[in-house]
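**Student:** Sending over target.cif (mmCIF, C-alpha atoms).
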```cif
data_entry
#
loop_
_atom_site.label_atom_id
_atom_site.label_comp_id
_atom_site.auth_asym_id
_atom_site.auth_seq_id
_atom_site.Cartn_x
_atom_site.Cartn_y
_atom_site.Cartn_z
CA MET V 1 6.76 -4.09 -24.62
CA ALA V 2 5.63 -7.68 -24.75
CA ALA V 3 9.23 -8.70 -25.28
CA GLN V 4 10.26 -6.82 -22.15
CA VAL V 5 7.59 -8.48 -20.06
CA SER V 6 8.72 -11.93 -21.11
CA GLU V 7 12.33 -10.91 -20.54
CA HIS V 8 11.61 -10.18 -16.86
CA ALA V 9 8.95 -12.80 -16.27
CA PRO V 10 11.28 -15.59 -15.04
CA GLN V 11 12.86 -13.17 -12.55
CA THR V 12 9.42 -12.12 -11.38
CA ASN V 13 8.34 -15.69 -10.76
CA ALA V 14 11.65 -16.55 -9.10
CA ALA V 15 11.36 -13.51 -6.80
CA THR V 16 7.84 -14.49 -5.81
CA LEU V 17 8.94 -18.05 -5.04
CA ALA V 18 11.97 -16.81 -3.09
CA MET V 19 9.82 -14.48 -0.99
CA ASP V 20 7.40 -17.28 -0.29
CA ARG V 21 10.23 -19.50 0.91
CA TYR V 22 11.62 -16.68 3.02
CA ALA V 23 8.23 -16.10 4.64
CA ALA V 24 8.03 -19.80 5.41
CA GLY V 25 11.36 -19.70 7.24
CA ASP V 26 14.10 -20.34 4.65
CA ASP V 27 16.62 -17.61 5.56
CA ARG V 28 18.82 -18.29 2.53
CA ALA V 29 16.01 -17.19 0.23
CA PHE V 30 16.57 -13.56 1.23
CA GLY V 31 19.94 -13.58 -0.55
CA GLU V 32 18.26 -14.88 -3.69
CA LEU V 33 15.62 -12.20 -3.36
CA TYR V 34 18.36 -9.58 -3.16
CA ASP V 35 20.07 -10.93 -6.27
CA LEU V 36 16.82 -10.87 -8.23
CA LEU V 37 15.54 -7.47 -7.14
CA ALA V 38 18.42 -5.23 -6.09
CA PRO V 39 19.82 -4.54 -9.58
CA ARG V 40 16.37 -3.63 -10.93
CA LEU V 41 15.56 -1.40 -7.97
CA TYR V 42 18.98 0.23 -8.17
CA GLY V 43 18.54 0.88 -11.87
CA PHE V 44 15.15 2.45 -11.25
CA LEU V 45 16.52 4.63 -8.45
CA ILE V 46 19.74 5.74 -10.05
CA ARG V 47 17.75 7.11 -13.00
CA LYS V 48 15.50 8.98 -10.62
CA VAL V 49 18.06 10.45 -8.23
CA GLY V 50 21.40 10.27 -10.03
CA ASP V 51 23.11 9.66 -6.71
CA ALA V 52 24.65 6.22 -6.18
CA ALA V 53 24.83 6.53 -2.40
CA LEU V 54 21.19 7.54 -2.07
CA ALA V 55 20.12 4.85 -4.54
CA GLU V 56 22.01 2.19 -2.59
CA ASP V 57 20.56 3.43 0.68
CA LEU V 58 17.03 3.21 -0.71
CA VAL V 59 17.66 -0.25 -2.17
CA GLN V 60 18.87 -1.33 1.26
CA GLN V 61 15.82 0.18 2.93
CA THR V 62 13.46 -1.41 0.42
CA LEU V 63 14.93 -4.85 0.98
CA LEU V 64 14.81 -4.37 4.75
CA GLN V 65 11.14 -3.35 4.50
CA MET V 66 10.51 -6.59 2.66
CA HIS V 67 12.44 -8.41 5.36
CA ARG V 68 10.26 -6.73 8.00
CA ALA V 69 7.13 -7.77 6.11
CA ARG V 70 8.31 -11.37 5.85
CA ALA V 71 5.64 -12.60 8.23
CA THR V 72 2.74 -10.90 6.45
CA TYR V 73 3.67 -11.99 2.93
CA VAL V 74 0.61 -13.28 1.09
CA THR V 75 1.41 -16.57 -0.61
CA GLY V 76 1.72 -16.11 -4.35
CA ALA V 77 1.49 -12.31 -4.29
CA ASP V 78 3.61 -10.71 -7.03
CA VAL V 79 6.77 -9.42 -5.36
CA VAL V 80 7.99 -7.10 -8.11
CA PRO V 81 5.27 -4.41 -8.00
CA TRP V 82 5.37 -4.56 -4.21
CA ALA V 83 9.14 -3.97 -4.19
CA PHE V 84 8.88 -1.07 -6.65
CA ALA V 85 6.00 0.44 -4.67
CA ILE V 86 8.02 0.33 -1.44
CA CYS V 87 11.01 1.76 -3.27
CA ARG V 88 8.94 4.59 -4.72
CA ARG V 89 7.29 5.32 -1.37
CA LEU V 90 10.66 5.57 0.39
CA LEU V 91 11.98 7.79 -2.38
CA ILE V 92 9.02 10.15 -2.06
CA ASP V 93 9.49 10.23 1.71
CA ALA V 94 13.18 11.02 1.29
CA TRP V 95 12.37 13.81 -1.16
CA ARG V 96 9.71 15.24 1.07
CA LYS V 97 11.99 15.08 4.05
CA GLN V 98 14.83 16.87 2.38
CA ARG V 99 12.66 19.21 0.27
CA ARG V 100 14.71 18.39 -2.71
CA GLU V 101 13.79 17.06 -6.07
CA SER V 102 16.66 16.14 -8.28
CA LEU V 103 16.25 14.13 -11.38
CA SER V 104 18.90 12.61 -13.46
CA SER V 105 17.33 11.43 -16.64
CA ASP V 106 20.26 10.05 -18.59
CA GLY V 107 18.99 6.50 -18.23
CA GLU V 108 15.48 7.54 -19.12
CA ILE V 109 16.76 9.28 -22.20
CA GLU V 110 18.54 6.09 -23.13
CA ALA V 111 15.27 4.24 -22.68
CA VAL V 112 13.47 6.72 -24.88
CA ALA V 113 16.20 6.45 -27.44
CA HIS V 114 15.90 2.69 -27.58
CA ALA V 115 12.14 2.82 -27.60
CA MET V 116 11.96 5.31 -30.46
CA ALA V 117 15.16 4.82 -32.36
CA PRO V 118 15.01 3.78 -35.98
CA ASP V 119 17.97 1.86 -37.43
CA LEU V 120 20.49 4.64 -37.78
CA ALA V 121 23.30 4.99 -40.23
CA PRO V 122 26.52 6.04 -38.52
CA ASP V 123 26.50 9.48 -40.20
CA ALA V 124 23.08 10.21 -38.68
CA GLN V 125 24.42 9.78 -35.17
CA VAL V 126 25.09 13.48 -34.62
CA GLN V 127 21.58 14.43 -35.58
CA TRP V 128 20.20 11.66 -33.41
CA ASN V 129 22.17 12.94 -30.42
CA GLN V 130 20.65 16.37 -30.94
CA THR V 131 17.24 14.78 -31.10
CA LEU V 132 17.99 13.02 -27.83
CA ALA V 133 18.84 16.33 -26.23
CA ALA V 134 15.46 17.68 -27.32
CA VAL V 135 13.74 14.62 -25.93
CA GLU V 136 15.70 15.00 -22.70
CA GLU V 137 14.36 18.50 -22.34
CA ALA V 138 10.84 17.26 -23.03
CA LEU V 139 11.24 14.49 -20.47
CA THR V 140 12.21 16.89 -17.72
CA ARG V 141 9.00 18.80 -18.43
CA LEU V 142 6.83 15.69 -18.06
CA PRO V 143 4.79 15.31 -14.90
CA ASP V 144 6.41 12.81 -12.53
CA SER V 145 3.43 10.47 -12.80
CA GLN V 146 3.92 10.16 -16.57
CA ARG V 147 7.67 9.73 -16.27
CA GLU V 148 7.29 6.97 -13.65
CA ALA V 149 4.77 5.07 -15.75
CA PHE V 150 7.02 5.35 -18.79
CA VAL V 151 10.15 4.17 -16.93
CA LEU V 152 8.44 1.25 -15.21
CA LEU V 153 6.96 0.01 -18.46
CA LYS V 154 9.71 0.79 -20.94
CA GLN V 155 12.84 0.51 -18.87
CA GLU V 156 12.05 -1.83 -16.01
CA GLY V 157 9.87 -4.11 -18.08
CA LEU V 158 6.96 -4.28 -15.66
CA SER V 159 3.65 -5.37 -17.10
CA LEU V 160 0.76 -2.91 -17.10
CA ALA V 161 -0.79 -4.70 -14.12
CA GLN V 162 2.47 -4.67 -12.19
CA ALA V 163 3.10 -0.99 -12.92
CA ALA V 164 -0.45 -0.17 -11.85
CA GLU V 165 0.08 -2.00 -8.57
CA ALA V 166 3.41 -0.32 -7.96
CA LEU V 167 1.98 3.12 -8.64
CA GLY V 168 -1.20 2.47 -6.68
CA THR V 169 -3.51 3.15 -9.57
CA THR V 170 -5.47 1.38 -12.28
CA VAL V 171 -4.19 -0.27 -15.44
CA GLY V 172 -6.16 2.23 -17.50
CA ASN V 173 -4.54 5.11 -15.70
CA VAL V 174 -1.05 3.72 -16.30
CA LYS V 175 -1.88 3.29 -19.98
CA VAL V 176 -2.99 6.89 -20.19
CA ARG V 177 0.09 8.18 -18.34
CA ALA V 178 2.52 6.16 -20.41
CA HIS V 179 0.76 7.04 -23.65
CA ARG V 180 0.86 10.75 -22.86
CA ALA V 181 4.54 10.50 -21.97
CA TYR V 182 5.27 8.62 -25.15
CA GLU V 183 3.32 11.08 -27.29
CA ALA V 184 4.99 14.07 -25.66
CA LEU V 185 8.44 12.62 -26.27
CA ARG V 186 7.57 11.60 -29.80
CA ALA V 187 6.29 15.10 -30.51
CA ALA V 188 9.44 16.64 -29.10
CA ALA V 189 11.58 14.41 -31.28
CA GLY V 190 9.43 15.19 -34.33
CA GLN V 191 9.62 18.93 -33.79
CA HIS V 192 13.36 18.74 -33.49
CA ARG V 193 13.66 16.75 -36.70
CA ASN V 194 11.43 19.23 -38.54
CA ARG V 195 13.52 22.14 -37.31
CA ALA V 196 16.70 20.39 -38.29
CA GLY V 197 15.26 19.60 -41.72
CA SER V 198 14.22 23.18 -42.44
CA GLU V 199 17.63 24.58 -41.50
CA MET A 200 16.55 -2.02 -22.67
CA GLN A 201 18.79 -4.05 -20.39
CA ASN A 202 19.48 -2.66 -16.96
CA ASP A 203 23.17 -1.83 -16.93
CA PHE A 204 23.21 -0.29 -13.47
CA LYS A 205 24.55 -2.43 -10.63
CA PRO A 206 24.80 -1.54 -6.96
CA ASP A 207 28.12 -1.88 -5.16
CA PRO A 208 28.80 -5.58 -4.45
CA SER A 209 29.28 -4.79 -0.74
CA LEU A 210 25.64 -3.68 -0.52
CA ARG A 211 24.52 -7.30 -0.62
CA ASP A 212 26.55 -8.15 2.48
CA ARG A 213 25.30 -5.06 4.29
CA VAL A 214 21.65 -5.85 3.54
CA LEU A 215 21.95 -9.49 4.56
CA ALA A 216 23.84 -8.52 7.72
CA GLN A 217 21.17 -5.97 8.68
CA ALA A 218 18.45 -8.53 8.11
CA SER A 219 20.16 -11.15 10.23
CA GLN A 220 20.80 -8.61 13.01
CA ASN A 221 17.11 -7.68 13.06
CA PRO A 222 15.29 -11.01 12.97
CA VAL A 223 11.55 -11.04 12.34
CA PRO A 224 9.16 -13.92 12.94
CA THR A 225 8.21 -16.25 10.15
CA ARG A 226 4.71 -16.22 8.69
CA ASP A 227 3.50 -19.10 10.86
CA VAL A 228 4.73 -17.50 14.08
CA HIS A 229 3.22 -14.14 13.14
CA THR A 230 -0.11 -15.74 12.25
CA ARG A 231 -0.27 -17.46 15.63
CA ARG A 232 0.55 -14.20 17.42
CA ALA A 233 -2.01 -12.24 15.41
CA ARG A 234 -4.70 -14.81 16.15
CA LEU A 235 -3.80 -14.62 19.82
CA GLY A 236 -4.09 -10.83 19.69
CA TYR A 237 -7.51 -10.93 18.04
CA ALA A 238 -8.69 -13.63 20.46
CA ALA A 239 -7.59 -11.47 23.40
CA ALA A 240 -9.44 -8.51 21.90
CA LEU A 241 -12.54 -10.67 21.47
CA VAL A 242 -12.42 -11.86 25.08
CA LEU A 243 -11.87 -8.32 26.35
CA SER A 244 -14.80 -7.12 24.22
CA LEU A 245 -17.05 -9.73 25.77
CA VAL A 246 -15.83 -8.82 29.27
CA ILE A 247 -16.68 -5.15 28.63
CA PHE A 248 -20.05 -6.18 27.20
CA GLN A 249 -20.87 -8.37 30.18
CA ALA A 250 -19.64 -5.79 32.69
CA SER A 251 -22.02 -3.26 31.09
CA GLY A 252 -25.05 -5.44 31.72
CA GLY A 253 -24.85 -7.95 28.91
CA LEU A 254 -27.93 -9.32 27.18
CA GLU A 255 -30.20 -8.43 30.10
CA HIS A 256 -29.85 -4.74 29.30
CA GLY A 257 -31.56 -5.26 25.96
CA ALA A 258 -34.29 -7.55 27.25
CA GLY A 259 -37.01 -4.94 26.73
CA ARG A 260 -37.05 -5.62 22.97
CA PRO A 261 -38.61 -8.77 21.48
CA ALA A 262 -35.89 -11.43 21.41
CA HIS A 263 -36.41 -12.36 17.76
CA LEU A 264 -35.91 -8.73 16.67
CA THR A 265 -32.75 -8.51 18.76
CA ALA A 266 -31.47 -11.67 17.10
CA ILE A 267 -32.28 -10.42 13.59
CA ILE A 268 -30.66 -7.03 14.22
CA ALA A 269 -27.52 -8.62 15.69
CA LEU A 270 -27.25 -11.15 12.86
CA GLY A 271 -27.48 -8.38 10.29
CA SER A 272 -24.81 -6.42 12.12
CA LEU A 273 -22.67 -9.54 12.34
CA LEU A 274 -22.89 -9.96 8.56
CA VAL A 275 -21.83 -6.35 8.04
CA ALA A 276 -18.98 -6.76 10.53
CA GLY A 277 -17.81 -9.92 8.80
CA ILE A 278 -17.72 -8.27 5.39
CA ALA A 279 -16.03 -5.17 6.80
CA ALA A 280 -13.38 -7.22 8.63
CA ARG A 281 -12.67 -9.30 5.53
CA LEU A 282 -12.21 -6.23 3.34
CA ALA A 283 -10.33 -4.11 5.84
CA LEU A 284 -8.11 -6.61 7.62
CA THR A 285 -7.04 -8.91 4.82
CA ALA A 286 -4.86 -7.71 1.96
CA GLY A 287 -6.47 -9.78 -0.78
CA PRO A 288 -4.19 -11.38 -3.36
CA SER A 289 -1.69 -8.50 -3.44
CA MET A 290 0.90 -7.28 -0.96
CA LEU A 291 -0.24 -3.77 -1.80
CA GLY A 292 -3.70 -4.23 -0.34
CA ARG A 293 -6.99 -3.63 -2.01
CA HIS A 294 -7.87 -0.76 -4.31
CA ARG A 295 -8.42 2.58 -2.62
CA ALA A 296 -12.05 2.58 -3.80
CA VAL A 297 -12.74 -0.57 -1.76
CA TYR A 298 -11.50 1.02 1.46
CA ALA A 299 -13.21 4.31 0.68
CA THR A 300 -16.52 2.66 -0.14
CA LEU A 301 -16.35 0.59 3.02
CA ALA A 302 -15.53 3.54 5.26
CA LEU A 303 -18.13 5.82 3.72
CA SER A 304 -20.90 3.24 3.58
CA LEU A 305 -20.65 1.83 7.11
CA PRO A 306 -22.35 4.79 8.86
CA VAL A 307 -25.11 4.74 6.25
CA VAL A 308 -25.60 0.97 6.52
CA THR A 309 -25.61 1.16 10.32
CA TYR A 310 -28.22 3.90 10.28
CA GLY A 311 -30.38 2.22 7.66
CA TRP A 312 -30.29 -1.22 9.24
CA LEU A 313 -31.16 -0.11 12.79
CA THR A 314 -33.82 2.45 11.89
CA ALA A 315 -35.54 -0.15 9.71
CA PHE A 316 -36.79 -1.65 12.97
CA ALA A 317 -37.99 1.65 14.46
CA GLY A 318 -41.68 1.51 15.37
CA GLN A 319 -41.95 -2.26 15.13
CA TYR A 320 -42.08 -2.57 18.91
CA VAL A 321 -42.55 -0.40 21.97
CA GLU A 322 -39.18 0.78 23.19
CA PRO A 323 -38.72 0.02 26.90
CA PHE A 324 -37.09 3.38 27.69
CA GLN A 325 -35.70 6.50 26.03
CA ARG A 326 -32.04 7.47 26.03
CA VAL A 327 -29.96 10.02 24.16
CA GLY A 328 -27.28 7.40 23.57
CA TRP A 329 -24.22 8.46 25.57
CA ARG A 330 -23.75 4.95 26.98
CA CYS A 331 -24.04 3.42 23.52
CA VAL A 332 -21.34 5.81 22.31
CA GLY A 333 -19.10 4.91 25.24
CA LEU A 334 -19.63 1.16 24.89
CA THR A 335 -19.00 1.22 21.14
CA LEU A 336 -15.81 3.22 21.56
CA ALA A 337 -14.56 0.97 24.37
CA ILE A 338 -15.15 -2.30 22.52
CA ALA A 339 -14.02 -1.01 19.14
CA GLY A 340 -10.96 0.57 20.71
CA VAL A 341 -9.75 -2.83 21.85
CA VAL A 342 -10.27 -4.33 18.41
CA LEU A 343 -8.70 -1.33 16.71
CA VAL A 344 -5.53 -1.64 18.78
CA ALA A 345 -5.22 -5.34 17.90
CA ALA A 346 -5.77 -4.65 14.19
CA LEU A 347 -3.35 -1.73 13.99
CA ARG A 348 -0.73 -3.74 15.88
CA ASP A 349 -1.13 -6.59 13.44
CA ARG A 350 -0.72 -4.39 10.34
CA ARG A 351 1.67 -1.69 11.58
CA HIS A 352 4.35 -0.35 9.23
CA SER A 353 3.26 -2.66 6.43
CA VAL A 354 1.00 -0.54 4.22
CA VAL A 355 2.50 1.04 1.09
CA HIS A 356 -0.52 2.63 -0.57
CA HIS A 357 -3.58 4.41 0.84
CA ALA A 358 -2.70 4.08 4.54
CA GLY A 359 -5.28 6.71 5.46
CA TRP A 360 -8.12 4.98 3.65
CA GLN A 361 -7.05 1.59 4.97
CA GLY A 362 -6.93 3.03 8.48
CA ALA A 363 -10.43 4.41 7.96
CA ALA A 364 -11.66 1.00 6.82
CA ILE A 365 -10.05 -0.71 9.81
CA GLY A 366 -11.62 1.85 12.14
CA GLY A 367 -14.96 1.16 10.50
CA ALA A 368 -14.51 -2.61 10.79
CA ALA A 369 -13.69 -2.28 14.48
CA ALA A 370 -16.81 -0.15 14.92
CA ALA A 371 -18.88 -2.70 13.01
CA TRP A 372 -17.72 -5.47 15.32
CA ALA A 373 -18.53 -3.33 18.37
CA SER A 374 -21.96 -2.62 16.87
CA VAL A 375 -22.81 -6.33 17.00
CA LEU A 376 -22.42 -6.40 20.77
CA VAL A 377 -23.97 -2.97 21.25
CA ASP A 378 -27.01 -4.04 19.21
CA LEU A 379 -27.44 -6.98 21.57
CA TRP A 380 -27.14 -4.61 24.50
CA CYS A 381 -29.26 -1.64 23.41
CA PRO A 382 -32.98 -2.16 22.73
CA LEU A 383 -33.54 1.24 21.07
CA THR A 384 -33.88 1.85 17.35
CA ASN A 385 -35.52 5.26 17.10
CA VAL A 386 -33.96 7.63 14.64
CA ALA A 387 -32.55 10.17 17.08
CA HIS A 388 -30.99 7.56 19.32
CA VAL A 389 -29.51 5.59 16.45
CA ALA A 390 -28.02 8.70 14.86
CA PHE A 391 -26.32 9.80 18.05
CA GLY A 392 -25.63 6.59 19.95
CA HIS A 393 -24.83 4.19 17.11
CA VAL A 394 -23.81 6.12 14.00
CA LEU A 395 -21.75 8.85 15.64
CA PRO A 396 -19.24 6.41 17.21
CA VAL A 397 -18.86 4.66 13.85
CA VAL A 398 -18.01 8.00 12.27
CA LEU A 399 -15.61 8.81 15.11
CA LEU A 400 -13.79 5.49 14.78
CA ILE A 401 -13.46 5.92 11.02
CA ALA A 402 -11.99 9.37 11.65
CA VAL A 403 -9.58 7.96 14.22
CA GLY A 404 -8.54 5.25 11.77
CA THR A 405 -7.98 7.86 9.07
CA VAL A 406 -5.66 9.80 11.35
CA LEU A 407 -3.81 6.77 12.74
CA GLY A 408 -3.44 4.96 9.41
CA PRO A 409 -0.60 7.05 7.96
CA ARG A 410 1.12 7.18 11.35
CA ILE A 411 0.88 3.52 12.33
CA LEU A 412 0.12 1.48 9.21
CA ALA A 413 2.35 3.18 6.64
CA ILE A 414 5.86 1.88 6.04
CA ARG A 415 8.65 3.83 7.66
CA PRO A 416 12.26 4.29 6.56
CA VAL A 417 14.48 1.98 8.58
CA VAL A 418 16.27 4.82 10.35
CA GLY A 419 19.42 3.77 12.18
CA GLU A 420 19.56 0.31 10.67
CA THR A 421 20.98 1.32 7.32
CA GLY A 422 24.12 3.22 6.63
CA GLY A 423 22.02 6.24 5.83
CA GLN A 424 24.73 7.73 3.63
CA GLY A 425 22.35 8.44 0.84
CA ALA A 426 19.62 9.68 3.09
CA ALA A 427 22.06 12.11 4.59
CA LYS A 428 22.91 13.43 1.15
CA ALA A 429 19.33 13.69 -0.09
#
```
When written as structure tokens, how does the structure in this file appear?

**Tutor:**
Amino acid sequence: MAAQVSEHAPQTNAATLAMDRYAAGDDRAFGELYDLLAPRLYGFLIRKVGDAALAEDLVQQTLLQMHRARATYVTGADVVPWAFAICRRLLIDAWRKQRRESLSSDGEIEAVAHAMAPDLAPDAQVQWNQTLAAVEEALTRLPDSQREAFVLLKQEGLSLAQAAEALGTTVGNVKVRAHRAYEALRAAAGQHRNRAGSE
Amino acid sequence: MQNDFKPDPSLRDRVLAQASQNPVPTRDVHTRRARLGYAAALVLSLVIFQASGGLEHGAGRPAHLTAIIALGSLLVAGIAARLALTAGPSMLGRHRAVYATLALSLPVVTYGWLTAFAGQYVEPFQRVGWRCVGLTLAIAGVVLVAALRDRRHSVVHHAGWQGAAIGGAAAAWASVLVDLWCPLTNVAHVAFGHVLPVVLLIAVGTVLGPRILAIRPVVGETGGQGAAKA
């Protein structure tokens, strides 16, 4: 996870600097902000909703909310957790409004696969795919709070503090959620391997 | 773990176009406007205070006690305003526990502080406290409007609790002036005339927070294709 944090850190700092310039009156900085944040927000959303049009609409709305809040931006405040928190809030509102909860977890499964995968020989690929299917099933059974914590940390590369801010909770709580998600997925993968081994 | 998902390239142009079509003030301009709004609320508060009788109404209490009570209330109001009206170092505001503690403690602090002076002097008259309730609501209402206007549609987390804290901060500011105005500190009067309006304003803030402070989807400004499909 430390590697992921450092991987995103320059973008995080650049986004914060861009937002600060935008708040101060540099209109061009909004384009930079878009370039730094939109792909990450889109990736987060597409894994949650599995609908490109809805994901794009929510990315657009998130960026426009940040544009609206230009004047109240606190100098030096971390932009990334703020952006993800807005994004998540808008997504929840959209779900509540439409009374629909659809989850597409292909990307999350990929994240789990990368997070848990050992170095596989090519002939083990079939078995690994079956394990992934078992993990996918386990992931759909996870509470949303655990899934969000897992995705923000493992897939989006947010730090614990950033994920806690985005989710509106404490660092300790995010740790607990992510750990439970990780353990549940690990257990699901282990059970599948045991079953496959005994057959 | 790389993010391989990319939005449609045309989305960038749409977002930038929407932003340019809906200009918002820069931070400096907004700060000036917000200060103007709070200054107007302050002046209006003082006008209401003076129109209600001003300092003369509270003249029946020893002046030094009035000054001590008002200074204590001013300290509480300052802390409450700082916690409720500023976001701290994050764009996501303070932790929910801060807002909750502030909102829940203000009525207790108000009651404890005022009744601490009960019996230390002979009260000049007895009142139930209806006028204190009315004056607090009138003054705090002005401040509350200015604060909600300043922070509207900007809160992502805990809008209800933040609204409660802002309602409490507005009530705390009103209490400073009301404590200069009202010379009574007996338990019954304080509970009804001074604590009840604080509770009412916190309740009002709790209700208005999610409606006014919370972010709203930008309906009509975006394409809304996805929202329509959701």

**Student:** Mind listing as a PyMOL selection string which residues of chain V are within 8 Å of chain A, counting all atoms listed in the file?

**Tutor:** chain V and resi 4+22-25+30-31+34+38-40+42-43+46+51-58+60-61+63-65+67-74+76-79+82+85-86+89-90+94-95+98+100+111+114+154-156+165-166+168-169

**Student:** Out of V:Glu32, V:Glu148, V:Asp20, V:Glu137, which residue has the shortest atom-to-atom distance to His179 in chain V when counting only C-alpha atoms?

**Tutor:**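 Comparing V:Glu32, V:Glu148, V:Asp20, V:Glu137 against His179 in chain V, the winner is V:Glu148.
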
**Student:** Using Å and a single decimal, report how far CA of Val297 in chain A sits from CA of Gly172 in chain V.

**Tutor:**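 For CA of Gly172 in chain V relative to CA of Val297 in chain A, the distance reads 17.3 Å.
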
**Student:** CA of Thr265 in chain A and CA of Thr300 in chain A, how far apart in Å?

**Tutor:** 27.3 Å

**Student:** Could you expand the PyMOL selection byres ((chain A and resi 369) around 12) into the explicit residues it covers here, written as a compact mmCIF listing (two decimals) with C-alpha atoms, in the coordinates of the input?

**Tutor:**
```txt
# COMPACT_ATOMS: atom_id res chain seq x y z
CA TYR A 237 -7.51 -10.93 18.04
CA ALA A 240 -9.44 -8.51 21.90
CA LEU A 241 -12.54 -10.67 21.47
CA SER A 244 -14.80 -7.12 24.22
CA LEU A 273 -22.67 -9.54 12.34
CA VAL A 275 -21.83 -6.35 8.04
CA ALA A 276 -18.98 -6.76 10.53
CA GLY A 277 -17.81 -9.92 8.80
CA ILE A 278 -17.72 -8.27 5.39
CA ALA A 279 -16.03 -5.17 6.80
CA ALA A 280 -13.38 -7.22 8.63
CA ARG A 281 -12.67 -9.30 5.53
CA LEU A 282 -12.21 -6.23 3.34
CA ALA A 283 -10.33 -4.11 5.84
CA LEU A 284 -8.11 -6.61 7.62
CA ALA A 302 -15.53 3.54 5.26
CA LEU A 305 -20.65 1.83 7.11
CA THR A 335 -19.00 1.22 21.14
CA LEU A 336 -15.81 3.22 21.56
CA ALA A 337 -14.56 0.97 24.37
CA ILE A 338 -15.15 -2.30 22.52
CA ALA A 339 -14.02 -1.01 19.14
CA GLY A 340 -10.96 0.57 20.71
CA VAL A 341 -9.75 -2.83 21.85
CA VAL A 342 -10.27 -4.33 18.41
CA LEU A 343 -8.70 -1.33 16.71
CA VAL A 344 -5.53 -1.64 18.78
CA ALA A 345 -5.22 -5.34 17.90
CA ALA A 346 -5.77 -4.65 14.19
CA LEU A 347 -3.35 -1.73 13.99
CA GLY A 362 -6.93 3.03 8.48
CA ALA A 363 -10.43 4.41 7.96
CA ALA A 364 -11.66 1.00 6.82
CA ILE A 365 -10.05 -0.71 9.81
CA GLY A 366 -11.62 1.85 12.14
CA GLY A 367 -14.96 1.16 10.50
CA ALA A 368 -14.51 -2.61 10.79
CA ALA A 370 -16.81 -0.15 14.92
CA ALA A 371 -18.88 -2.70 13.01
CA TRP A 372 -17.72 -5.47 15.32
CA ALA A 373 -18.53 -3.33 18.37
CA SER A 374 -21.96 -2.62 16.87
CA VAL A 375 -22.81 -6.33 17.00
CA LEU A 376 -22.42 -6.40 20.77
CA PRO A 396 -19.24 6.41 17.21
CA VAL A 397 -18.86 4.66 13.85
CA VAL A 398 -18.01 8.00 12.27
CA LEU A 399 -15.61 8.81 15.11
CA LEU A 400 -13.79 5.49 14.78
CA ILE A 401 -13.46 5.92 11.02
CA VAL A 403 -9.58 7.96 14.22
CA GLY A 404 -8.54 5.25 11.77
```

**Student:** For the file shown, what are the residues hit by the PyMOL selection byres ((chain A and resi 322) around 8), laid out as a PyMOL selection string?

**Tutor:** chain A and resi 259-260+320-321+323-325+382-384

**Student:** Limited to C-alpha atoms, could you put the picked residues into a file as a PDB file, in the coordinates of the input?

**Tutor:**
```
ATOM      1  CA  GLY A 259     -37.010  -4.940  26.730  1.00  0.00           C
ATOM      2  CA  ARG A 260     -37.050  -5.620  22.970  1.00  0.00           C
ATOM      3  CA  TYR A 320     -42.080  -2.570  18.910  1.00  0.00           C
ATOM      4  CA  VAL A 321     -42.550  -0.400  21.970  1.00  0.00           C
ATOM      5  CA  PRO A 323     -38.720   0.020  26.900  1.00  0.00           C
ATOM      6  CA  PHE A 324     -37.090   3.380  27.690  1.00  0.00           C
ATOM      7  CA  GLN A 325     -35.700   6.500  26.030  1.00  0.00           C
ATOM      8  CA  PRO A 382     -32.980  -2.160  22.730  1.00  0.00           C
ATOM      9  CA  LEU A 383     -33.540   1.240  21.070  1.00  0.00           C
ATOM     10  CA  THR A 384     -33.880   1.850  17.350  1.00  0.00           C
TER      11      THR A 384
END
```

**Student:** In Å, how far is it from CA of Trp360 in chain A to CA of Thr309 in chain A?

**Tutor:**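 One can read the CA of Trp360 in chain A to CA of Thr309 in chain A distance as 19.1 Å.
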
**Student:** Extract, using all atoms listed in the file, all DNA, RNA and protein residues at most 8 Å from Phe150 in chain V, discarding same-chain residues fewer than 6 positions from it, and format them as a short mmCIF file (atom, residue, chain, number, x, y, z; two decimals) with C-alpha atoms, in the coordinates of the input.

**Tutor:**
```cif
data_model
loop_
_atom_site.label_atom_id
_atom_site.label_comp_id
_atom_site.auth_asym_id
_atom_site.auth_seq_id
_atom_site.Cartn_x
_atom_site.Cartn_y
_atom_site.Cartn_z
CA ARG V 177 0.09 8.18 -18.34
CA ALA V 178 2.52 6.16 -20.41
CA ALA V 181 4.54 10.50 -21.97
CA TYR V 182 5.27 8.62 -25.15
#
```

**Student:** Would you kindly translate the PyMOL selection byres ((chain A and resi 391) around 9) into the concrete residues it picks from this file, as a PDB file with C-alpha atoms, keeping the file's coordinate frame?

**Tutor:**
```
ATOM      1  CA  VAL A 327     -29.960  10.020  24.160  1.00  0.00           C
ATOM      2  CA  GLY A 328     -27.280   7.400  23.570  1.00  0.00           C
ATOM      3  CA  TRP A 329     -24.220   8.460  25.570  1.00  0.00           C
ATOM      4  CA  CYS A 331     -24.040   3.420  23.520  1.00  0.00           C
ATOM      5  CA  VAL A 332     -21.340   5.810  22.310  1.00  0.00           C
ATOM      6  CA  VAL A 386     -33.960   7.630  14.640  1.00  0.00           C
ATOM      7  CA  ALA A 387     -32.550  10.170  17.080  1.00  0.00           C
ATOM      8  CA  HIS A 388     -30.990   7.560  19.320  1.00  0.00           C
ATOM      9  CA  VAL A 389     -29.510   5.590  16.450  1.00  0.00           C
ATOM     10  CA  ALA A 390     -28.020   8.700  14.860  1.00  0.00           C
ATOM     11  CA  GLY A 392     -25.630   6.590  19.950  1.00  0.00           C
ATOM     12  CA  HIS A 393     -24.830   4.190  17.110  1.00  0.00           C
ATOM     13  CA  VAL A 394     -23.810   6.120  14.000  1.00  0.00           C
ATOM     14  CA  LEU A 395     -21.750   8.850  15.640  1.00  0.00           C
ATOM     15  CA  PRO A 396     -19.240   6.410  17.210  1.00  0.00           C
TER      16      PRO A 396
END
```
